[in-house]
$ cat protein_6.csv   # CSV, C-alpha atoms
chain,number,residue,atom,x,y,z
A,26,MET,CA,-25.3,-18.0,27.6
A,27,ASN,CA,-26.2,-20.7,25.1
A,28,SER,CA,-23.5,-23.5,25.0
A,29,ALA,CA,-24.0,-24.0,21.3
A,30,LYS,CA,-23.1,-20.4,20.7
A,31,THR,CA,-20.1,-20.6,23.0
A,32,SER,CA,-18.8,-23.7,21.2
A,33,LEU,CA,-19.3,-22.0,17.9
A,34,GLY,CA,-17.4,-18.9,19.1
A,35,VAL,CA,-14.5,-21.0,20.5
A,36,GLY,CA,-14.4,-23.0,17.3
A,37,ALA,CA,-14.3,-19.9,15.1
A,38,VAL,CA,-11.4,-18.5,17.2
A,39,ALA,CA,-9.5,-21.8,17.0
A,40,VAL,CA,-10.0,-21.9,13.2
A,41,GLY,CA,-8.9,-18.2,13.0
A,42,VAL,CA,-5.7,-18.9,15.0
A,43,LEU,CA,-4.9,-21.9,12.8
A,44,LEU,CA,-5.4,-19.9,9.7
A,45,ALA,CA,-3.2,-17.1,11.1
A,46,ALA,CA,-0.4,-19.5,12.0
A,47,SER,CA,-0.6,-21.0,8.5
A,48,ALA,CA,-0.4,-17.6,6.8
A,49,ALA,CA,2.5,-16.6,9.0
A,50,VAL,CA,4.4,-19.7,8.1
A,51,ASN,CA,3.7,-19.3,4.4
A,52,ALA,CA,4.5,-15.5,4.5
A,53,ASP,CA,2.2,-14.7,1.7
A,54,PRO,CA,1.9,-10.9,1.0
A,55,ILE,CA,-1.5,-9.4,1.6
A,56,LEU,CA,-3.1,-6.2,0.4
A,57,ASP,CA,-2.7,-3.4,3.0
A,58,GLN,CA,-3.5,0.0,1.4
A,59,GLN,CA,-5.0,1.0,-2.0
A,60,ALA,CA,-6.3,3.8,-4.1
A,61,PRO,CA,-8.2,3.4,-7.4
A,62,PHE,CA,-7.4,4.5,-10.9
A,63,THR,CA,-10.5,6.4,-11.9
A,64,ASN,CA,-10.0,9.5,-14.0
A,65,ALA,CA,-6.7,11.3,-13.4
A,66,ILE,CA,-3.4,11.3,-15.3
A,67,TYR,CA,-0.1,12.4,-13.7
A,68,TYR,CA,2.9,13.0,-16.0
A,69,SER,CA,6.4,12.1,-14.9
A,70,GLY,CA,8.6,14.3,-17.1
A,71,THR,CA,12.3,14.8,-16.4
A,72,SER,CA,11.9,17.7,-14.0
A,73,LEU,CA,8.9,16.3,-12.0
A,74,ASN,CA,9.1,14.5,-8.7
A,75,TRP,CA,5.9,13.0,-7.2
A,76,GLN,CA,5.4,11.5,-3.7
A,77,GLN,CA,2.2,9.6,-2.7
A,78,GLU,CA,1.8,9.5,1.0
A,79,ILE,CA,0.8,6.1,2.5
A,80,GLU,CA,-0.3,5.3,6.1
A,81,VAL,CA,0.5,1.7,7.1
A,82,GLY,CA,-2.4,-0.5,8.2
A,83,LEU,CA,-0.6,-3.8,8.8
A,84,ALA,CA,2.8,-4.2,10.6
A,85,GLY,CA,5.5,-6.1,8.7
A,86,PRO,CA,7.9,-5.9,5.8
A,87,LEU,CA,6.7,-4.1,2.6
A,88,ALA,CA,6.5,-6.9,0.0
A,89,GLY,CA,5.7,-4.7,-3.0
A,90,VAL,CA,3.6,-2.0,-4.6
A,91,GLU,CA,1.5,-1.8,-7.6
A,92,LEU,CA,0.9,1.3,-9.6
A,93,TYR,CA,-1.3,2.1,-12.6
A,94,ALA,CA,0.6,3.0,-15.8
A,95,TYR,CA,-1.6,5.2,-18.0
A,96,THR,CA,0.9,5.1,-20.9
A,97,PRO,CA,4.1,3.0,-21.3
A,98,GLY,CA,7.4,4.8,-20.4
A,99,SER,CA,10.0,4.8,-17.7
A,100,ALA,CA,10.6,6.6,-14.4
A,101,VAL,CA,12.5,6.1,-11.2
A,102,LEU,CA,10.3,4.6,-8.5
A,103,TYR,CA,11.4,5.0,-4.9
A,104,ILE,CA,10.2,4.2,-1.4
A,105,ASN,CA,11.1,6.4,1.5
A,106,ALA,CA,10.0,6.0,5.2
A,107,GLY,CA,8.4,9.0,6.8
A,108,ALA,CA,5.7,11.5,5.9
A,109,PRO,CA,6.2,13.7,2.8
A,110,TRP,CA,8.2,15.6,1.7
A,111,GLN,CA,11.2,13.2,1.8
A,112,ALA,CA,14.5,14.4,0.4
A,113,ASP,CA,17.0,12.0,2.2
A,114,ASP,CA,18.4,8.8,0.9
A,115,ASN,CA,15.7,6.4,-0.4
A,116,ASP,CA,15.1,3.1,1.3
A,117,PHE,CA,14.3,1.5,-2.1
A,118,GLU,CA,14.9,2.8,-5.6
A,119,MET,CA,14.7,1.3,-9.2
A,120,THR,CA,13.9,2.4,-12.7
A,121,VAL,CA,10.6,1.0,-13.8
A,122,SER,CA,9.5,0.7,-17.5
A,123,PRO,CA,6.1,-0.8,-17.8
A,124,SER,CA,5.5,-1.8,-21.4
A,125,GLY,CA,1.8,-1.6,-21.4
A,126,ILE,CA,-1.2,0.2,-19.9
A,127,GLY,CA,-2.5,-1.1,-16.5
A,128,TRP,CA,-1.4,-2.2,-13.1
A,129,PHE,CA,2.3,-3.2,-12.7
A,130,PHE,CA,4.0,-4.8,-9.7
A,131,ILE,CA,7.3,-3.8,-8.1
A,132,ASP,CA,8.8,-6.3,-5.7
A,133,THR,CA,10.3,-4.4,-2.7
A,134,SER,CA,10.9,-7.4,-0.5
A,135,ALA,CA,14.7,-7.5,-1.0
A,136,ALA,CA,15.0,-4.0,0.6
A,137,ASN,CA,13.7,-5.4,3.9
A,138,ILE,CA,11.7,-2.3,4.8
A,139,ASN,CA,9.6,-2.9,7.9
A,140,PHE,CA,6.7,-0.8,9.1
A,141,ASP,CA,4.5,-0.6,12.1
A,142,VAL,CA,0.8,0.2,12.1
A,143,GLY,CA,0.4,4.0,11.7
A,144,ASP,CA,3.8,4.6,10.1
A,145,HIS,CA,4.0,6.8,7.0
A,146,PHE,CA,6.0,6.3,3.9
A,147,VAL,CA,6.0,7.7,0.4
A,148,ILE,CA,5.9,6.0,-3.0
A,149,GLY,CA,8.0,8.4,-5.2
A,150,ILE,CA,8.1,8.8,-8.9
A,151,GLN,CA,11.0,10.8,-10.3
A,152,GLY,CA,10.5,11.5,-14.0
A,153,THR,CA,13.0,10.6,-16.7
A,154,ALA,CA,13.1,11.2,-20.4
A,155,GLY,CA,10.9,8.1,-20.7
A,156,GLY,CA,7.8,10.1,-19.8
A,157,LEU,CA,5.7,7.5,-17.9
A,158,LYS,CA,2.2,8.7,-17.2
A,159,MET,CA,0.6,7.5,-14.0
A,160,GLY,CA,-3.1,6.9,-13.5
A,161,GLY,CA,-4.9,8.0,-10.3
A,162,SER,CA,-8.0,9.7,-9.0
A,163,SER,CA,-9.3,13.2,-8.6
A,164,PRO,CA,-11.0,13.8,-6.2
A,165,GLY,CA,-8.5,11.6,-4.3
A,166,GLY,CA,-9.4,8.0,-3.6
A,167,TYR,CA,-7.2,7.6,-0.5
A,168,PRO,CA,-8.2,9.8,2.5
A,169,GLU,CA,-5.2,8.6,4.7
A,170,GLY,CA,-2.6,10.4,2.5
A,171,ALA,CA,-2.1,13.0,-0.2
A,172,LEU,CA,-0.2,13.4,-3.4
A,173,TYR,CA,2.8,15.8,-3.5
A,174,LEU,CA,4.7,17.4,-6.3
A,175,GLY,CA,8.1,19.0,-5.9
A,176,GLY,CA,7.8,19.4,-2.2
A,177,SER,CA,4.2,20.7,-1.9
A,178,ALA,CA,0.8,19.1,-1.7
A,179,TYR,CA,-0.7,18.8,-5.2
A,180,GLY,CA,-4.0,20.7,-5.0
A,181,SER,CA,-6.2,20.7,-1.9
A,182,PRO,CA,-5.8,17.9,0.7
A,183,ASN,CA,-7.2,14.6,-0.5
A,184,GLN,CA,-7.9,16.1,-3.9
A,185,HIS,CA,-5.4,13.9,-5.9
A,186,ASP,CA,-3.9,10.4,-5.5
A,187,PHE,CA,-1.9,7.9,-7.6
A,188,GLY,CA,-3.7,4.6,-8.3
A,189,PHE,CA,-1.7,2.2,-6.0
A,190,ARG,CA,-1.8,-0.9,-4.0
A,191,THR,CA,0.7,-1.8,-1.2
A,192,TYR,CA,1.4,-5.4,-0.1
A,193,VAL,CA,2.8,-6.4,3.3
A,194,ILE,CA,3.9,-9.7,4.7
A,195,PRO,CA,2.1,-9.3,8.0
A,196,ALA,CA,3.8,-9.7,11.3
A,197,PRO,CA,2.6,-12.9,13.0
A,198,GLY,CA,1.0,-10.8,15.9
A,199,SER,CA,-1.0,-8.8,13.3
A,200,ILE,CA,-2.5,-11.9,11.8
A,201,VAL,CA,-3.3,-13.5,15.1
A,202,LEU,CA,-5.0,-10.3,16.3
A,203,LEU,CA,-7.0,-10.1,13.0
A,204,SER,CA,-8.1,-13.7,13.4
A,205,LEU,CA,-9.2,-13.1,17.0
A,206,LEU,CA,-11.2,-10.1,16.0
A,207,THR,CA,-13.0,-11.8,13.1
A,208,PRO,CA,-15.5,-13.8,15.2
A,209,ALA,CA,-16.3,-10.7,17.2
A,210,VAL,CA,-17.0,-8.7,14.0
A,211,LEU,CA,-19.1,-11.6,12.7
A,212,ARG,CA,-21.2,-11.7,15.9
A,213,ARG,CA,-21.7,-7.9,15.8
A,214,ARG,CA,-23.1,-8.1,12.2
A,215,ARG,CA,-25.8,-10.5,13.2
$ encode --input "protein_6.csv" --output "structure tokens"
Amino acid sequence: MNSAKTSLGVGAVAVGVLLAASAAVNADPILDQQAPFTNAIYYSGTSLNWQQEIEVGLAGPLAGVELYAYTPGSAVLYINAGAPWQADDNDFEMTVSPSGIGWFFIDTSAANINFDVGDHFVIGIQGTAGGLKMGGSSPGGYPEGALYLGGSAYGSPNQHDFGFRTYVIPAPGSIVLLSLLTPAVLRRRR
């Protein structure tokens, strides 16, 4: 084995570990899961209850979610651990009222909801008289989960999804593992 390549690999691992330690200390949220807004609109009228299924990719506390508002309005947003359909008490709940069109962020960090890799949870939207319309995609842009309405999958599997982004404050072990894998991935691409 070439000693220059070995030194480069060890150096890359050391830099990765230092970056991981720095990120863990700073506890900055990072993007975990996402689905685009492309062409679909989902209405949240008073009798409608939607749940978007999410599969966690990074362990740690859920820092927040972003959703795409197609029109201004209001609705009750909730987070509930477990696969759909969830009808028990919510782990997080608040009324959201985006005043414009586009992405809006909901800080969920105060709820201290922790997930492990592979866990499932739902982002729920319970309609109010405010009539918020959510943007999403059809066909679905998120193959790891599906959109549900009133207890049943909305359309065929992976046919519909809200536009969303989830943010996690990664557990220190997750960051170190990612930093150790990065040099191996870079070598494989060469």
$ closest_atom_pairs --input "protein_6.csv" --of "range 107-208 of chain A" --to "range 61-81 of chain A" --cutoff "10 Å" --atoms "only C-alpha atoms" --output "tab-separated table"
residue	atom	partner	partner_atom	distance
A:Gly107	CA	A:Glu78	CA	8.8
A:Ala108	CA	A:Glu78	CA	6.6
A:Pro109	CA	A:Glu78	CA	6.3
A:Trp110	CA	A:Gln76	CA	7.3
A:Gln111	CA	A:Gln76	CA	8.2
A:Gly127	CA	A:Phe62	CA	9.3
A:Trp128	CA	A:Phe62	CA	9.3
A:Phe140	CA	A:Val81	CA	7.0
A:Asp141	CA	A:Val81	CA	6.8
A:Val142	CA	A:Val81	CA	5.2
A:Gly143	CA	A:Val81	CA	5.1
A:Asp144	CA	A:Val81	CA	5.3
A:His145	CA	A:Glu80	CA	4.6
A:Phe146	CA	A:Ile79	CA	5.4
A:Val147	CA	A:Glu78	CA	4.6
A:Ile148	CA	A:Gln77	CA	5.2
A:Gly149	CA	A:Gln76	CA	4.3
A:Ile150	CA	A:Trp75	CA	5.0
A:Gln151	CA	A:Asn74	CA	4.5
A:Gly152	CA	A:Ser69	CA	4.2
A:Thr153	CA	A:Thr71	CA	4.3
A:Ala154	CA	A:Thr71	CA	5.4
A:Gly155	CA	A:Gly70	CA	7.5
A:Gly156	CA	A:Gly70	CA	5.1
A:Leu157	CA	A:Ser69	CA	5.5
A:Lys158	CA	A:Tyr68	CA	4.5
A:Met159	CA	A:Tyr67	CA	5.0
A:Gly160	CA	A:Ile66	CA	4.8
A:Gly161	CA	A:Phe62	CA	4.3
A:Ser162	CA	A:Ala65	CA	4.9
A:Ser163	CA	A:Ala65	CA	5.8
A:Pro164	CA	A:Ala65	CA	8.8
A:Gly165	CA	A:Pro61	CA	8.8
A:Gly166	CA	A:Pro61	CA	6.1
A:Tyr167	CA	A:Pro61	CA	8.1
A:Pro168	CA	A:Ile79	CA	9.7
A:Glu169	CA	A:Glu80	CA	6.1
A:Gly170	CA	A:Glu78	CA	4.7
A:Ala171	CA	A:Glu78	CA	5.4
A:Leu172	CA	A:Gln77	CA	4.5
A:Tyr173	CA	A:Gln76	CA	5.0
A:Leu174	CA	A:Trp75	CA	4.6
A:Gly175	CA	A:Asn74	CA	5.4
A:Gly176	CA	A:Asn74	CA	8.2
A:Ser177	CA	A:Gln76	CA	9.5
A:Ala178	CA	A:Gln76	CA	9.1
A:Tyr179	CA	A:Trp75	CA	9.0
A:His185	CA	A:Ala65	CA	8.0
A:Asp186	CA	A:Gln77	CA	6.8
A:Phe187	CA	A:Gln77	CA	6.6
A:Gly188	CA	A:Phe62	CA	4.5
A:Phe189	CA	A:Pro61	CA	6.8
A:Arg190	CA	A:Pro61	CA	8.4
A:Thr191	CA	A:Ile79	CA	8.7
A:Val193	CA	A:Val81	CA	9.2
$ atom_distance --input "protein_6.csv" --atom1 "CA of Ser122 in chain A" --atom2 "CA of Val90 in chain A"
14.4 Å
$ residues_around --input "protein_6.csv" --residues "Asn139 in chain A" --least-positions-apart "3" --cutoff "10 Å" --atoms "only C-alpha atoms" --output "count of residues only"
13
$ closest_residue --input "protein_6.csv" --among "A:Gln59, A:Ala112, A:Pro97, A:Tyr103" --to "Ile126 in chain A" --atoms "only C-alpha atoms"
A:Pro97
$ atom_distance --input "protein_6.csv" --atom1 "CA of Thr96 in chain A" --atom2 "CA of Gly125 in chain A"
6.8 Å
$ atom_distance --input "protein_6.csv" --atom1 "CA of Tyr192 in chain A" --atom2 "CA of Asp53 in chain A"
9.5 Å
$ closest_residue --input "protein_6.csv" --among "A:Leu83, A:Val121, A:Leu56, A:Ile138" --to "Val101 in chain A" --atoms "all atoms listed in the file"
A:Val121
$ build_atoms --input "protein_6.csv" --residues "range 77-92 of chain A" --atoms "N, CA and C atoms" --output "PDB file, in the coordinates of the input"
ATOM      1  N   GLN A  77       3.547  10.015  -3.261  1.00  0.00           N
ATOM      2  CA  GLN A  77       2.200   9.600  -2.700  1.00  0.00           C
ATOM      3  C   GLN A  77       2.414   9.182  -1.299  1.00  0.00           C
ATOM      4  N   GLU A  78       1.714   9.825  -0.388  1.00  0.00           N
ATOM      5  CA  GLU A  78       1.800   9.500   1.000  1.00  0.00           C
ATOM      6  C   GLU A  78       0.932   8.262   1.333  1.00  0.00           C
ATOM      7  N   ILE A  79       1.497   7.352   2.134  1.00  0.00           N
ATOM      8  CA  ILE A  79       0.800   6.100   2.500  1.00  0.00           C
ATOM      9  C   ILE A  79       0.846   6.024   4.056  1.00  0.00           C
ATOM     10  N   GLU A  80      -0.253   5.598   4.664  1.00  0.00           N
ATOM     11  CA  GLU A  80      -0.300   5.300   6.100  1.00  0.00           C
ATOM     12  C   GLU A  80      -0.447   3.779   6.232  1.00  0.00           C
ATOM     13  N   VAL A  81       0.475   3.140   6.938  1.00  0.00           N
ATOM     14  CA  VAL A  81       0.500   1.700   7.100  1.00  0.00           C
ATOM     15  C   VAL A  81      -0.640   1.197   7.941  1.00  0.00           C
ATOM     16  N   GLY A  82      -1.305   0.135   7.483  1.00  0.00           N
ATOM     17  CA  GLY A  82      -2.400  -0.500   8.200  1.00  0.00           C
ATOM     18  C   GLY A  82      -2.053  -1.784   8.871  1.00  0.00           C
ATOM     19  N   LEU A  83      -1.048  -2.492   8.309  1.00  0.00           N
ATOM     20  CA  LEU A  83      -0.600  -3.800   8.800  1.00  0.00           C
ATOM     21  C   LEU A  83       0.894  -3.752   9.071  1.00  0.00           C
ATOM     22  N   ALA A  84       1.329  -4.170  10.247  1.00  0.00           N
ATOM     23  CA  ALA A  84       2.800  -4.200  10.600  1.00  0.00           C
ATOM     24  C   ALA A  84       3.431  -5.344   9.795  1.00  0.00           C
ATOM     25  N   GLY A  85       4.673  -5.107   9.383  1.00  0.00           N
ATOM     26  CA  GLY A  85       5.500  -6.100   8.700  1.00  0.00           C
ATOM     27  C   GLY A  85       6.279  -5.547   7.594  1.00  0.00           C
ATOM     28  N   PRO A  86       7.047  -6.402   6.910  1.00  0.00           N
ATOM     29  CA  PRO A  86       7.900  -5.900   5.800  1.00  0.00           C
ATOM     30  C   PRO A  86       7.002  -5.603   4.562  1.00  0.00           C
ATOM     31  N   LEU A  87       7.376  -4.526   3.888  1.00  0.00           N
ATOM     32  CA  LEU A  87       6.700  -4.100   2.600  1.00  0.00           C
ATOM     33  C   LEU A  87       7.164  -5.106   1.550  1.00  0.00           C
ATOM     34  N   ALA A  88       6.225  -5.876   1.012  1.00  0.00           N
ATOM     35  CA  ALA A  88       6.500  -6.900   0.000  1.00  0.00           C
ATOM     36  C   ALA A  88       6.580  -6.303  -1.403  1.00  0.00           C
ATOM     37  N   GLY A  89       5.770  -5.267  -1.643  1.00  0.00           N
ATOM     38  CA  GLY A  89       5.700  -4.700  -3.000  1.00  0.00           C
ATOM     39  C   GLY A  89       4.649  -3.650  -3.109  1.00  0.00           C
ATOM     40  N   VAL A  90       4.666  -2.967  -4.231  1.00  0.00           N
ATOM     41  CA  VAL A  90       3.600  -2.000  -4.600  1.00  0.00           C
ATOM     42  C   VAL A  90       3.202  -2.199  -5.997  1.00  0.00           C
ATOM     43  N   GLU A  91       1.971  -1.853  -6.265  1.00  0.00           N
ATOM     44  CA  GLU A  91       1.500  -1.800  -7.600  1.00  0.00           C
ATOM     45  C   GLU A  91       1.052  -0.405  -7.941  1.00  0.00           C
ATOM     46  N   LEU A  92       1.342   0.013  -9.147  1.00  0.00           N
ATOM     47  CA  LEU A  92       0.900   1.300  -9.600  1.00  0.00           C
ATOM     48  C   LEU A  92       0.220   1.149 -10.964  1.00  0.00           C
TER      49      LEU A  92
END
